[in-house]
Amino acid sequence: MNASHFLSRLTDPIAAIGRCGQFLLRMIAGIRPGNRLAISSLQQTYLVGARSLVIIMICGFFVGMVLALQSVNALQSFGAEDQASLLVGKSLFRELGPVLTALLFAGRAGTAVTAEIGLMRATSQIDAMELMAIDPVHRIALPRFLAGLISMPLLAGMFNAMAILGSVVFAIGVIGLDPGIFWGKLQNSITFQEDFLQGVLKSVVFGSLVSLVAVYYGYTSKPTGAGVGTATTNTIVVSSVLVLIFDFILTSFFA
Amino acid sequence: MRANYNVELASGLFLLLGIAALVWLATSATNLGNAIGNDVYRITGLFTNIGDLKPRAPVKVGGVTVGEVEDIKLDMQTFEAHVTMKIARRYSELPNDTSAAILTSGVLGDRYIGLEPGGSPDVLQEGDEILITQSAIVIEQLVGKYLFNTSGQGDEG
């Protein structure tokens, strides 16, 4: 009895991955391209994407400023503050842009999606749909998943753009670095093929991870108030951990 | 209906803003902005030692970037590095006795190829080879030579 209990503790996470994969396949199998899917995805893009824009932009701006401050401080000690934009650009495009955006996105949009779907479950709306022979995975989960997939790269782009702006404002406006050297070094050292595309790919992967976790936990939440709360907590914990794990995997894959 | 339209407007605006940010980043904060374009011709050169020259390193004439390194291979007849360079078509008036040297920008900077135009009236064509080349200066070899030379002088004296 005890042994089998211990064994199930080990196999539970694997079973959860299996259920999550099944859920993903069910969503993909439910894709029927058409007006309704496009319209509901667009509406969800507003809810998960456009509504996350302000927090992403503010955070991006300040991350850019602090990056500029830290790199100029560190590089000044050996007179290499001209390289500051290289450090800012590389760390933003490759790591901080996609990762921080994904974490913010999980906190802002992922939890909202989980809570919304969880509440639908708790108030039996999902059961009602099933009774009416409407596939709730296709009708509710899929547009939210697609919206997250579309929004994440765009949000990461906005984050990076605001961060570059923030670093420009701080490094050139406050510290007084030469704008020509700053921009020139940025353009010469950040490669489109490696840094930019790697960042975009990362943000697509993170977007699909966070959205999948959010809709999965919402859909499978227990139909009680406490169940919705647990599901929301699970979403943010699991998606943050997954984002950081996949960040390492993707980076080691490229390097 | 009105609220629905506003939602569509906001999400459309969000999509446009996001795409605009990505395009701005790609063109003004990466090397895509100073890409040399597709209108190019290729010239080659054999170098004894290329140091740590890499593909996509700039090719410069008098400090101005005119092209980039496309490919580096080992020539199996001479065992020298066979470097293919793309030069933008608008710089197509390079004389065919142009020489190429692998240089370093700054003390610890990246390697690039510097072209030194000669005086020939004929110009380099697609696929031409630069015959006069100068290898990269490798610091370790310089130090080795210096040590060897001074010890040699000491023996003589």
# chains A, B, ... in the order shown; residues from 1 in each chain; ligands from 1
call {"tool": "residues_around", "arguments": {"residues": "Lys73 in chain B", "least_positions_apart": "3", "cutoff": "10 Å", "atoms": "only C-alpha atoms", "output": "NGL selection string"}}
result
:B and (46 or 76 or 79-84)
call {"tool": "residues_around", "arguments": {"residues": "Glu70 in chain B", "least_positions_apart": "3", "cutoff": "7 Å", "atoms": "only C-alpha atoms", "output": "list in words"}}
result
Pro55, Arg56, Thr84, Met85 and Lys86 of chain B
call {"tool": "closest_atom_pairs", "arguments": {"of": "chain A", "to": "chain B", "cutoff": "10 Å", "atoms": "only C-alpha atoms", "output": "JSON lines"}}
result
{"residue": "A:Ile39", "atom": "CA", "partner": "B:Glu8", "partner_atom": "CA", "distance": 8.7}
{"residue": "A:Leu42", "atom": "CA", "partner": "B:Ser11", "partner_atom": "CA", "distance": 6.6}
{"residue": "A:Gln43", "atom": "CA", "partner": "B:Val7", "partner_atom": "CA", "distance": 6.5}
{"residue": "A:Gln44", "atom": "CA", "partner": "B:Ser11", "partner_atom": "CA", "distance": 8.5}
{"residue": "A:Thr45", "atom": "CA", "partner": "B:Ser11", "partner_atom": "CA", "distance": 6.1}
{"residue": "A:Tyr46", "atom": "CA", "partner": "B:Ser11", "partner_atom": "CA", "distance": 4.5}
{"residue": "A:Leu47", "atom": "CA", "partner": "B:Ser11", "partner_atom": "CA", "distance": 8.3}
{"residue": "A:Val48", "atom": "CA", "partner": "B:Ser11", "partner_atom": "CA", "distance": 9.7}
{"residue": "A:Gly49", "atom": "CA", "partner": "B:Phe14", "partner_atom": "CA", "distance": 7.3}
{"residue": "A:Ala50", "atom": "CA", "partner": "B:Phe14", "partner_atom": "CA", "distance": 5.4}
{"residue": "A:Arg51", "atom": "CA", "partner": "B:Phe14", "partner_atom": "CA", "distance": 9.0}
{"residue": "A:Ser52", "atom": "CA", "partner": "B:Phe14", "partner_atom": "CA", "distance": 10.0}
{"residue": "A:Leu53", "atom": "CA", "partner": "B:Phe14", "partner_atom": "CA", "distance": 7.9}
{"residue": "A:Ser85", "atom": "CA", "partner": "B:Ala29", "partner_atom": "CA", "distance": 9.9}
{"residue": "A:Gly89", "atom": "CA", "partner": "B:Ala29", "partner_atom": "CA", "distance": 8.0}
{"residue": "A:Phe93", "atom": "CA", "partner": "B:Leu25", "partner_atom": "CA", "distance": 9.5}
{"residue": "A:Ile150", "atom": "CA", "partner": "B:Leu15", "partner_atom": "CA", "distance": 8.7}
{"residue": "A:Ser151", "atom": "CA", "partner": "B:Leu15", "partner_atom": "CA", "distance": 7.8}
{"residue": "A:Met152", "atom": "CA", "partner": "B:Gly18", "partner_atom": "CA", "distance": 9.5}
{"residue": "A:Pro153", "atom": "CA", "partner": "B:Gly18", "partner_atom": "CA", "distance": 8.0}
{"residue": "A:Leu154", "atom": "CA", "partner": "B:Gly18", "partner_atom": "CA", "distance": 4.3}
{"residue": "A:Leu155", "atom": "CA", "partner": "B:Gly18", "partner_atom": "CA", "distance": 6.3}
{"residue": "A:Ala156", "atom": "CA", "partner": "B:Gly18", "partner_atom": "CA", "distance": 8.4}
{"residue": "A:Gly157", "atom": "CA", "partner": "B:Leu22", "partner_atom": "CA", "distance": 5.0}
{"residue": "A:Met158", "atom": "CA", "partner": "B:Ala21", "partner_atom": "CA", "distance": 5.4}
{"residue": "A:Phe159", "atom": "CA", "partner": "B:Ala21", "partner_atom": "CA", "distance": 8.7}
{"residue": "A:Asn160", "atom": "CA", "partner": "B:Leu25", "partner_atom": "CA", "distance": 7.7}
{"residue": "A:Ala161", "atom": "CA", "partner": "B:Ala21", "partner_atom": "CA", "distance": 6.0}
{"residue": "A:Met162", "atom": "CA", "partner": "B:Ala21", "partner_atom": "CA", "distance": 8.7}
{"residue": "A:Ile164", "atom": "CA", "partner": "B:Ala29", "partner_atom": "CA", "distance": 8.3}
{"residue": "A:Trp183", "atom": "CA", "partner": "B:Ala29", "partner_atom": "CA", "distance": 7.4}
{"residue": "A:Gly184", "atom": "CA", "partner": "B:Ala29", "partner_atom": "CA", "distance": 8.9}
{"residue": "A:Lys185", "atom": "CA", "partner": "B:Ala29", "partner_atom": "CA", "distance": 9.3}
{"residue": "A:Leu186", "atom": "CA", "partner": "B:Ala29", "partner_atom": "CA", "distance": 5.9}
{"residue": "A:Gln187", "atom": "CA", "partner": "B:Thr30", "partner_atom": "CA", "distance": 4.5}
{"residue": "A:Asn188", "atom": "CA", "partner": "B:Asn31", "partner_atom": "CA", "distance": 5.4}
{"residue": "A:Ser189", "atom": "CA", "partner": "B:Asn31", "partner_atom": "CA", "distance": 7.1}
{"residue": "A:Ile190", "atom": "CA", "partner": "B:Thr30", "partner_atom": "CA", "distance": 4.7}
{"residue": "A:Thr191", "atom": "CA", "partner": "B:Asn31", "partner_atom": "CA", "distance": 5.2}
{"residue": "A:Phe192", "atom": "CA", "partner": "B:Thr30", "partner_atom": "CA", "distance": 5.5}
{"residue": "A:Gln193", "atom": "CA", "partner": "B:Leu32", "partner_atom": "CA", "distance": 8.7}
{"residue": "A:Glu194", "atom": "CA", "partner": "B:Thr30", "partner_atom": "CA", "distance": 10.0}
{"residue": "A:Asp195", "atom": "CA", "partner": "B:Thr30", "partner_atom": "CA", "distance": 8.3}
{"residue": "A:Phe196", "atom": "CA", "partner": "B:Ala26", "partner_atom": "CA", "distance": 6.9}
{"residue": "A:Leu197", "atom": "CA", "partner": "B:Ala26", "partner_atom": "CA", "distance": 9.1}
{"residue": "A:Val200", "atom": "CA", "partner": "B:Leu22", "partner_atom": "CA", "distance": 9.0}
call {"tool": "write_last_selection", "arguments": {"atoms": "N, CA and C atoms", "output": "short mmCIF file (atom, residue, chain, number, x, y, z; two decimals), in the first residue's frame"}}
result
data_model
loop_
_atom_site.label_atom_id
_atom_site.label_comp_id
_atom_site.auth_asym_id
_atom_site.auth_seq_id
_atom_site.Cartn_x
_atom_site.Cartn_y
_atom_site.Cartn_z
N ILE A 39 -12.46 35.29 -35.06
CA ILE A 39 -13.04 36.40 -34.28
C ILE A 39 -12.82 36.17 -32.79
N LEU A 42 -9.27 36.76 -31.88
CA LEU A 42 -8.94 38.18 -31.88
C LEU A 42 -9.45 38.85 -30.60
N GLN A 43 -10.66 38.46 -30.19
CA GLN A 43 -11.20 39.01 -28.94
C GLN A 43 -10.32 38.63 -27.77
N GLN A 44 -9.83 37.37 -27.77
CA GLN A 44 -8.96 36.94 -26.68
C GLN A 44 -7.61 37.62 -26.76
N THR A 45 -7.16 37.92 -27.99
CA THR A 45 -5.91 38.66 -28.13
C THR A 45 -6.01 40.00 -27.42
N TYR A 46 -7.20 40.61 -27.49
CA TYR A 46 -7.39 41.86 -26.76
C TYR A 46 -7.24 41.61 -25.27
N LEU A 47 -7.90 40.53 -24.77
CA LEU A 47 -7.89 40.30 -23.32
C LEU A 47 -6.52 39.90 -22.81
N VAL A 48 -5.83 38.95 -23.50
CA VAL A 48 -4.54 38.51 -22.97
C VAL A 48 -3.39 39.38 -23.46
N GLY A 49 -3.52 39.95 -24.66
CA GLY A 49 -2.41 40.71 -25.23
C GLY A 49 -2.48 42.19 -24.93
N ALA A 50 -3.51 42.83 -25.49
CA ALA A 50 -3.58 44.28 -25.39
C ALA A 50 -3.68 44.75 -23.94
N ARG A 51 -4.38 43.96 -23.12
CA ARG A 51 -4.52 44.36 -21.72
C ARG A 51 -3.22 44.18 -20.94
N SER A 52 -2.27 43.35 -21.47
CA SER A 52 -0.98 43.18 -20.78
C SER A 52 0.05 44.20 -21.25
N LEU A 53 -0.34 45.00 -22.24
CA LEU A 53 0.64 45.85 -22.91
C LEU A 53 1.27 46.87 -21.97
N SER A 85 26.21 49.09 -24.85
CA SER A 85 25.04 48.74 -25.65
C SER A 85 25.10 47.29 -26.11
N GLY A 89 22.08 44.96 -25.28
CA GLY A 89 21.38 44.35 -26.41
C GLY A 89 21.38 42.84 -26.34
N PHE A 93 17.92 40.79 -25.95
CA PHE A 93 17.38 40.02 -27.07
C PHE A 93 17.38 38.54 -26.76
N ILE A 150 -0.06 34.13 -30.24
CA ILE A 150 0.14 35.30 -31.09
C ILE A 150 0.70 36.46 -30.27
N SER A 151 0.18 36.61 -29.05
CA SER A 151 0.52 37.81 -28.28
C SER A 151 1.94 37.80 -27.75
N MET A 152 2.43 36.63 -27.33
CA MET A 152 3.74 36.60 -26.66
C MET A 152 4.88 37.20 -27.47
N PRO A 153 5.10 36.79 -28.75
CA PRO A 153 6.19 37.41 -29.50
C PRO A 153 6.01 38.92 -29.65
N LEU A 154 4.75 39.35 -29.83
CA LEU A 154 4.52 40.79 -29.99
C LEU A 154 4.81 41.52 -28.68
N LEU A 155 4.38 40.93 -27.57
CA LEU A 155 4.66 41.55 -26.27
C LEU A 155 6.16 41.58 -25.99
N ALA A 156 6.86 40.48 -26.33
CA ALA A 156 8.31 40.46 -26.13
C ALA A 156 8.97 41.53 -26.99
N GLY A 157 8.45 41.72 -28.21
CA GLY A 157 8.98 42.78 -29.07
C GLY A 157 8.78 44.14 -28.45
N MET A 158 7.57 44.39 -27.90
CA MET A 158 7.31 45.67 -27.23
C MET A 158 8.23 45.84 -26.02
N PHE A 159 8.41 44.75 -25.27
CA PHE A 159 9.28 44.80 -24.09
C PHE A 159 10.70 45.20 -24.50
N ASN A 160 11.22 44.51 -25.53
CA ASN A 160 12.58 44.82 -25.98
C ASN A 160 12.69 46.24 -26.50
N ALA A 161 11.68 46.67 -27.27
CA ALA A 161 11.73 48.02 -27.83
C ALA A 161 11.75 49.05 -26.71
N MET A 162 10.88 48.85 -25.71
CA MET A 162 10.84 49.80 -24.60
C MET A 162 12.14 49.74 -23.80
N ILE A 164 15.15 48.94 -24.94
CA ILE A 164 16.20 49.63 -25.71
C ILE A 164 16.02 51.14 -25.54
N TRP A 183 24.52 53.46 -30.55
CA TRP A 183 23.70 52.83 -31.59
C TRP A 183 24.55 52.00 -32.53
N GLY A 184 25.74 52.52 -32.89
CA GLY A 184 26.61 51.80 -33.83
C GLY A 184 27.01 50.46 -33.28
N LYS A 185 27.43 50.46 -31.99
CA LYS A 185 27.85 49.21 -31.36
C LYS A 185 26.68 48.22 -31.30
N LEU A 186 25.49 48.77 -31.00
CA LEU A 186 24.29 47.93 -30.93
C LEU A 186 24.04 47.27 -32.28
N GLN A 187 24.07 48.08 -33.35
CA GLN A 187 23.75 47.55 -34.67
C GLN A 187 24.82 46.59 -35.17
N ASN A 188 26.08 46.83 -34.77
CA ASN A 188 27.14 45.96 -35.27
C ASN A 188 27.23 44.66 -34.51
N SER A 189 26.81 44.66 -33.24
CA SER A 189 27.07 43.45 -32.45
C SER A 189 25.84 42.56 -32.32
N ILE A 190 24.62 43.11 -32.51
CA ILE A 190 23.44 42.27 -32.41
C ILE A 190 23.12 41.73 -33.79
N THR A 191 23.15 40.40 -33.94
CA THR A 191 22.89 39.85 -35.27
C THR A 191 21.43 39.47 -35.39
N PHE A 192 20.89 39.72 -36.58
CA PHE A 192 19.49 39.39 -36.84
C PHE A 192 19.29 37.88 -36.79
N GLN A 193 20.21 37.15 -37.42
CA GLN A 193 20.03 35.70 -37.57
C GLN A 193 20.11 34.99 -36.23
N GLU A 194 21.01 35.45 -35.35
CA GLU A 194 21.17 34.73 -34.09
C GLU A 194 20.36 35.37 -32.97
N ASP A 195 20.72 36.62 -32.63
CA ASP A 195 20.12 37.21 -31.43
C ASP A 195 18.63 37.47 -31.60
N PHE A 196 18.26 38.13 -32.71
CA PHE A 196 16.87 38.54 -32.88
C PHE A 196 15.95 37.33 -33.07
N LEU A 197 16.31 36.46 -34.01
CA LEU A 197 15.44 35.32 -34.29
C LEU A 197 15.39 34.34 -33.12
N VAL A 200 12.87 35.74 -30.75
CA VAL A 200 11.50 35.56 -31.23
C VAL A 200 11.07 34.11 -31.05
#
call {"tool": "closest_residue", "arguments": {"among": "A:Leu37, A:Ile245, A:Leu250, A:Ala171", "to": "Arg139 in chain A", "atoms": "only C-alpha atoms"}}
result
A:Leu37
call {"tool": "residues_around", "arguments": {"residues": "range 20-31 of chain A", "least_positions_apart": "4", "cutoff": "12 Å", "atoms": "only C-alpha atoms", "output": "PyMOL selection string"}}
result
chain A and resi 13-16+35-38+41+134-146+208-209+211-220
call {"tool": "write_last_selection", "arguments": {"atoms": "N, CA and C atoms", "output": "mmCIF file, in the first residue's frame"}}
result
data_model
loop_
_atom_site.group_PDB
_atom_site.id
_atom_site.type_symbol
_atom_site.label_atom_id
_atom_site.label_comp_id
_atom_site.auth_asym_id
_atom_site.auth_seq_id
_atom_site.Cartn_x
_atom_site.Cartn_y
_atom_site.Cartn_z
ATOM 1 N N PRO A 13 3.697 13.250 -11.777
ATOM 2 C CA PRO A 13 4.094 14.328 -12.704
ATOM 3 C C PRO A 13 4.122 13.868 -14.148
ATOM 4 N N ILE A 14 4.559 12.596 -14.375
ATOM 5 C CA ILE A 14 4.622 12.088 -15.753
ATOM 6 C C ILE A 14 3.210 11.988 -16.323
ATOM 7 N N ALA A 15 2.280 11.517 -15.464
ATOM 8 C CA ALA A 15 0.890 11.426 -15.915
ATOM 9 C C ALA A 15 0.327 12.809 -16.222
ATOM 10 N N ALA A 16 0.740 13.823 -15.417
ATOM 11 C CA ALA A 16 0.267 15.190 -15.666
ATOM 12 C C ALA A 16 0.760 15.684 -17.017
ATOM 13 N N ASN A 35 -14.276 31.785 -39.620
ATOM 14 C CA ASN A 35 -14.516 33.116 -39.081
ATOM 15 C C ASN A 35 -14.663 33.128 -37.576
ATOM 16 N N ARG A 36 -15.412 32.098 -37.054
ATOM 17 C CA ARG A 36 -15.706 32.131 -35.627
ATOM 18 C C ARG A 36 -14.428 32.022 -34.808
ATOM 19 N N LEU A 37 -13.525 31.098 -35.230
ATOM 20 C CA LEU A 37 -12.270 30.916 -34.508
ATOM 21 C C LEU A 37 -11.426 32.187 -34.594
ATOM 22 N N ALA A 38 -11.397 32.805 -35.787
ATOM 23 C CA ALA A 38 -10.594 34.008 -35.966
ATOM 24 C C ALA A 38 -11.118 35.127 -35.078
ATOM 25 N N SER A 41 -10.520 34.349 -31.376
ATOM 26 C CA SER A 41 -9.095 34.492 -31.055
ATOM 27 C C SER A 41 -8.705 35.956 -30.973
ATOM 28 N N ILE A 134 -21.544 21.131 -27.620
ATOM 29 C CA ILE A 134 -20.525 22.075 -28.077
ATOM 30 C C ILE A 134 -19.221 21.664 -27.393
ATOM 31 N N ASP A 135 -18.159 21.488 -28.185
ATOM 32 C CA ASP A 135 -16.896 21.058 -27.599
ATOM 33 C C ASP A 135 -16.255 22.242 -26.858
ATOM 34 N N PRO A 136 -16.219 22.199 -25.501
ATOM 35 C CA PRO A 136 -15.680 23.354 -24.769
ATOM 36 C C PRO A 136 -14.187 23.552 -24.989
ATOM 37 N N VAL A 137 -13.472 22.446 -25.281
ATOM 38 C CA VAL A 137 -12.028 22.605 -25.535
ATOM 39 C C VAL A 137 -11.828 23.475 -26.767
ATOM 40 N N HIS A 138 -12.658 23.184 -27.781
ATOM 41 C CA HIS A 138 -12.532 23.928 -29.020
ATOM 42 C C HIS A 138 -13.062 25.348 -28.873
ATOM 43 N N ARG A 139 -14.167 25.493 -28.116
ATOM 44 C CA ARG A 139 -14.854 26.769 -28.040
ATOM 45 C C ARG A 139 -14.195 27.722 -27.047
ATOM 46 N N ILE A 140 -13.658 27.182 -25.938
ATOM 47 C CA ILE A 140 -13.153 28.053 -24.876
ATOM 48 C C ILE A 140 -11.630 28.054 -24.819
ATOM 49 N N ALA A 141 -11.029 26.833 -24.826
ATOM 50 C CA ALA A 141 -9.579 26.760 -24.607
ATOM 51 C C ALA A 141 -8.798 27.210 -25.836
ATOM 52 N N LEU A 142 -9.234 26.739 -27.016
ATOM 53 C CA LEU A 142 -8.430 26.993 -28.224
ATOM 54 C C LEU A 142 -8.223 28.476 -28.544
ATOM 55 N N PRO A 143 -9.268 29.339 -28.527
ATOM 56 C CA PRO A 143 -9.015 30.755 -28.835
ATOM 57 C C PRO A 143 -8.049 31.409 -27.854
ATOM 58 N N ARG A 144 -8.141 31.001 -26.574
ATOM 59 C CA ARG A 144 -7.241 31.593 -25.577
ATOM 60 C C ARG A 144 -5.813 31.143 -25.796
ATOM 61 N N PHE A 145 -5.662 29.862 -26.176
ATOM 62 C CA PHE A 145 -4.325 29.333 -26.462
ATOM 63 C C PHE A 145 -3.716 30.051 -27.668
ATOM 64 N N LEU A 146 -4.498 30.160 -28.742
ATOM 65 C CA LEU A 146 -3.995 30.823 -29.955
ATOM 66 C C LEU A 146 -3.670 32.284 -29.679
ATOM 67 N N SER A 208 3.482 29.592 -26.050
ATOM 68 C CA SER A 208 2.657 28.389 -26.136
ATOM 69 C C SER A 208 2.677 27.630 -24.817
ATOM 70 N N LEU A 209 3.837 27.624 -24.124
ATOM 71 C CA LEU A 209 3.914 26.942 -22.819
ATOM 72 C C LEU A 209 2.964 27.574 -21.809
ATOM 73 N N SER A 211 0.420 29.610 -22.249
ATOM 74 C CA SER A 211 -0.994 29.519 -22.611
ATOM 75 C C SER A 211 -1.526 28.112 -22.392
ATOM 76 N N LEU A 212 -0.697 27.109 -22.757
ATOM 77 C CA LEU A 212 -1.150 25.727 -22.579
ATOM 78 C C LEU A 212 -1.383 25.434 -21.101
ATOM 79 N N VAL A 213 -0.418 25.833 -20.258
ATOM 80 C CA VAL A 213 -0.552 25.591 -18.817
ATOM 81 C C VAL A 213 -1.785 26.307 -18.281
ATOM 82 N N ALA A 214 -2.000 27.555 -18.742
ATOM 83 C CA ALA A 214 -3.117 28.348 -18.218
ATOM 84 C C ALA A 214 -4.459 27.710 -18.579
ATOM 85 N N VAL A 215 -4.642 27.344 -19.855
ATOM 86 C CA VAL A 215 -5.947 26.776 -20.231
ATOM 87 C C VAL A 215 -6.119 25.387 -19.632
ATOM 88 N N TYR A 216 -5.010 24.623 -19.539
ATOM 89 C CA TYR A 216 -5.117 23.268 -18.989
ATOM 90 C C TYR A 216 -5.551 23.316 -17.527
ATOM 91 N N TYR A 217 -4.882 24.152 -16.726
ATOM 92 C CA TYR A 217 -5.236 24.211 -15.301
ATOM 93 C C TYR A 217 -6.630 24.790 -15.082
ATOM 94 N N GLY A 218 -7.005 25.751 -15.940
ATOM 95 C CA GLY A 218 -8.357 26.287 -15.818
ATOM 96 C C GLY A 218 -9.397 25.225 -16.126
ATOM 97 N N TYR A 219 -9.145 24.476 -17.205
ATOM 98 C CA TYR A 219 -10.118 23.492 -17.670
ATOM 99 C C TYR A 219 -10.255 22.345 -16.689
ATOM 100 N N THR A 220 -9.134 21.955 -16.035
ATOM 101 C CA THR A 220 -9.160 20.795 -15.145
ATOM 102 C C THR A 220 -9.317 21.186 -13.682
#
call {"tool": "select_by_dssp", "arguments": {"residues": "chain B", "states": "helix (DSSP H, G or I)", "output": "PDB file with C-alpha atoms, in the first residue's frame"}}
result
ATOM      1  CA  ARG B   2     -20.268  49.153 -30.251  1.00  0.00           C
ATOM      2  CA  ALA B   3     -18.280  47.502 -27.447  1.00  0.00           C
ATOM      3  CA  ASN B   4     -17.361  44.664 -29.766  1.00  0.00           C
ATOM      4  CA  TYR B   5     -16.015  47.145 -32.309  1.00  0.00           C
ATOM      5  CA  ASN B   6     -13.870  48.797 -29.652  1.00  0.00           C
ATOM      6  CA  VAL B   7     -12.423  45.431 -28.673  1.00  0.00           C
ATOM      7  CA  GLU B   8     -11.568  44.707 -32.296  1.00  0.00           C
ATOM      8  CA  LEU B   9     -10.030  48.154 -32.639  1.00  0.00           C
ATOM      9  CA  ALA B  10      -7.906  47.692 -29.508  1.00  0.00           C
ATOM     10  CA  SER B  11      -6.680  44.233 -30.491  1.00  0.00           C
ATOM     11  CA  GLY B  12      -5.933  45.441 -34.008  1.00  0.00           C
ATOM     12  CA  LEU B  13      -3.976  48.340 -32.549  1.00  0.00           C
ATOM     13  CA  PHE B  14      -2.116  45.915 -30.286  1.00  0.00           C
ATOM     14  CA  LEU B  15      -1.189  43.660 -33.204  1.00  0.00           C
ATOM     15  CA  LEU B  16       0.035  46.626 -35.260  1.00  0.00           C
ATOM     16  CA  LEU B  17       2.044  48.052 -32.342  1.00  0.00           C
ATOM     17  CA  GLY B  18       3.644  44.674 -31.626  1.00  0.00           C
ATOM     18  CA  ILE B  19       4.590  44.099 -35.251  1.00  0.00           C
ATOM     19  CA  ALA B  20       5.899  47.669 -35.525  1.00  0.00           C
ATOM     20  CA  ALA B  21       8.064  47.110 -32.430  1.00  0.00           C
ATOM     21  CA  LEU B  22       9.504  43.898 -33.886  1.00  0.00           C
ATOM     22  CA  VAL B  23      10.231  45.564 -37.233  1.00  0.00           C
ATOM     23  CA  TRP B  24      11.831  48.558 -35.521  1.00  0.00           C
ATOM     24  CA  LEU B  25      13.987  46.274 -33.373  1.00  0.00           C
ATOM     25  CA  ALA B  26      15.052  44.176 -36.348  1.00  0.00           C
ATOM     26  CA  THR B  27      15.974  47.112 -38.556  1.00  0.00           C
ATOM     27  CA  SER B  28      17.458  49.625 -36.153  1.00  0.00           C
ATOM     28  CA  ARG B  89      27.223  45.837 -56.610  1.00  0.00           C
ATOM     29  CA  ARG B  90      27.461  49.603 -56.134  1.00  0.00           C
ATOM     30  CA  TYR B  91      31.153  49.143 -55.258  1.00  0.00           C
ATOM     31  CA  ILE B 139      49.803  37.593 -31.411  1.00  0.00           C
ATOM     32  CA  GLU B 140      51.144  34.240 -30.175  1.00  0.00           C
ATOM     33  CA  GLN B 141      53.290  33.842 -33.303  1.00  0.00           C
ATOM     34  CA  LEU B 142      54.618  37.386 -32.937  1.00  0.00           C
ATOM     35  CA  VAL B 143      55.593  36.733 -29.340  1.00  0.00           C
ATOM     36  CA  GLY B 144      57.198  33.440 -30.369  1.00  0.00           C
ATOM     37  CA  LYS B 145      59.192  35.152 -33.125  1.00  0.00           C
ATOM     38  CA  TYR B 146      60.290  37.920 -30.782  1.00  0.00           C
ATOM     39  CA  LEU B 147      61.502  35.455 -28.144  1.00  0.00           C
ATOM     40  CA  PHE B 148      63.278  33.350 -30.767  1.00  0.00           C
ATOM     41  CA  ASN B 149      64.985  36.371 -32.375  1.00  0.00           C
ATOM     42  CA  THR B 150      66.324  37.828 -29.146  1.00  0.00           C
ATOM     43  CA  SER B 151      67.669  34.478 -27.957  1.00  0.00           C
ATOM     44  CA  GLY B 152      69.303  34.028 -31.395  1.00  0.00           C
ATOM     45  CA  GLN B 153      71.015  37.426 -31.083  1.00  0.00           C
ATOM     46  CA  GLY B 154      72.192  36.534 -27.617  1.00  0.00           C
ATOM     47  CA  ASP B 155      73.902  33.402 -28.967  1.00  0.00           C
ATOM     48  CA  GLU B 156      75.715  35.340 -31.653  1.00  0.00           C
TER      49      GLU B 156
END
call {"tool": "atom_distance", "arguments": {"atom1": "CA of Arg108 in chain A", "atom2": "CA of Ile55 in chain A"}}
result
8.5 Å
call {"tool": "atom_distance", "arguments": {"atom1": "CA of Gly207 in chain A", "atom2": "CA of Thr101 in chain A"}}
result
9.3 Å
call {"tool": "atom_distance", "arguments": {"atom1": "CA of Leu94 in chain B", "atom2": "CA of Ser120 in chain B"}}
result
9.0 Å
call {"tool": "residues_around", "arguments": {"residues": "range 129-133 of chain B", "least_positions_apart": "4", "cutoff": "8 Å", "atoms": "only C-alpha atoms", "output": "compact mmCIF listing (two decimals) with N, CA and C atoms, in the first residue's frame"}}
result
# COMPACT_ATOMS: atom_id res chain seq x y z
N ILE B 43 33.89 37.73 -54.73
CA ILE B 43 35.30 37.57 -55.06
C ILE B 43 35.91 36.65 -54.01
N THR B 44 37.01 36.03 -54.36
CA THR B 44 37.62 35.08 -53.43
C THR B 44 39.06 35.46 -53.16
N GLY B 45 39.65 34.85 -52.17
CA GLY B 45 41.05 35.07 -51.87
C GLY B 45 41.59 33.92 -51.06
N LEU B 46 42.89 33.60 -51.24
CA LEU B 46 43.53 32.54 -50.46
C LEU B 46 44.41 33.20 -49.41
N PHE B 47 44.22 32.79 -48.16
CA PHE B 47 45.01 33.36 -47.07
C PHE B 47 45.75 32.22 -46.37
N ASN B 96 41.49 45.17 -60.46
CA ASN B 96 41.73 43.75 -60.25
C ASN B 96 43.08 43.45 -59.62
N ASP B 97 43.90 44.49 -59.35
CA ASP B 97 45.10 44.23 -58.56
C ASP B 97 44.93 44.69 -57.11
N THR B 98 43.66 44.75 -56.67
CA THR B 98 43.37 45.05 -55.27
C THR B 98 43.98 43.97 -54.37
N SER B 99 44.56 44.41 -53.24
CA SER B 99 45.09 43.43 -52.30
C SER B 99 44.20 43.36 -51.08
N ALA B 100 44.25 42.21 -50.39
CA ALA B 100 43.38 42.00 -49.23
C ALA B 100 44.23 41.64 -48.02
N ALA B 101 43.90 42.20 -46.88
CA ALA B 101 44.61 41.89 -45.64
C ALA B 101 43.59 41.64 -44.55
call {"tool": "residues_around", "arguments": {"residues": "Gly109 in chain B", "least_positions_apart": "2", "cutoff": "12 Å", "atoms": "only C-alpha atoms", "output": "list of chain:residue names"}}
result
A:Gln83, A:Lys185, A:Asn188, A:Ser189, B:Asp52, B:Leu53, B:Ala57, B:Leu103, B:Thr104, B:Ser105, B:Gly106, B:Val107, B:Arg111, B:Tyr112
call {"tool": "closest_residue", "arguments": {"among": "B:Ile137, B:Asp128, B:Pro121, B:Ala88", "to": "Val61 in chain B", "atoms": "only C-alpha atoms"}}
result
B:Ala88
call {"tool": "select_by_dssp", "arguments": {"residues": "chain B", "states": "strand (DSSP E or B)", "output": "VMD selection string"}}
result
chain B and resid 40 to 47 58 to 61 64 to 74 81 to 88 95 99 to 104 111 to 116 123 129 to 130 132 to 134
call {"tool": "residues_around", "arguments": {"residues": "Thr233 in chain A", "least_positions_apart": "2", "cutoff": "10 Å", "atoms": "only C-alpha atoms", "output": "ChimeraX atom specification"}}
result
/A:107,111,114-115,217,227-231,235-238
call {"tool": "decode", "arguments": {"residues": "range 199-203 of chain A", "atoms": "C-alpha atoms", "output": "tab-separated table (two decimals), in the first residue's frame"}}
result
chain	number	residue	atom	x	y	z
A	199	GLY	CA	14.60	35.78	-29.04
A	200	VAL	CA	11.50	35.56	-31.23
A	201	LEU	CA	11.64	31.75	-31.26
A	202	LYS	CA	12.01	31.70	-27.48
A	203	SER	CA	9.03	33.99	-27.02
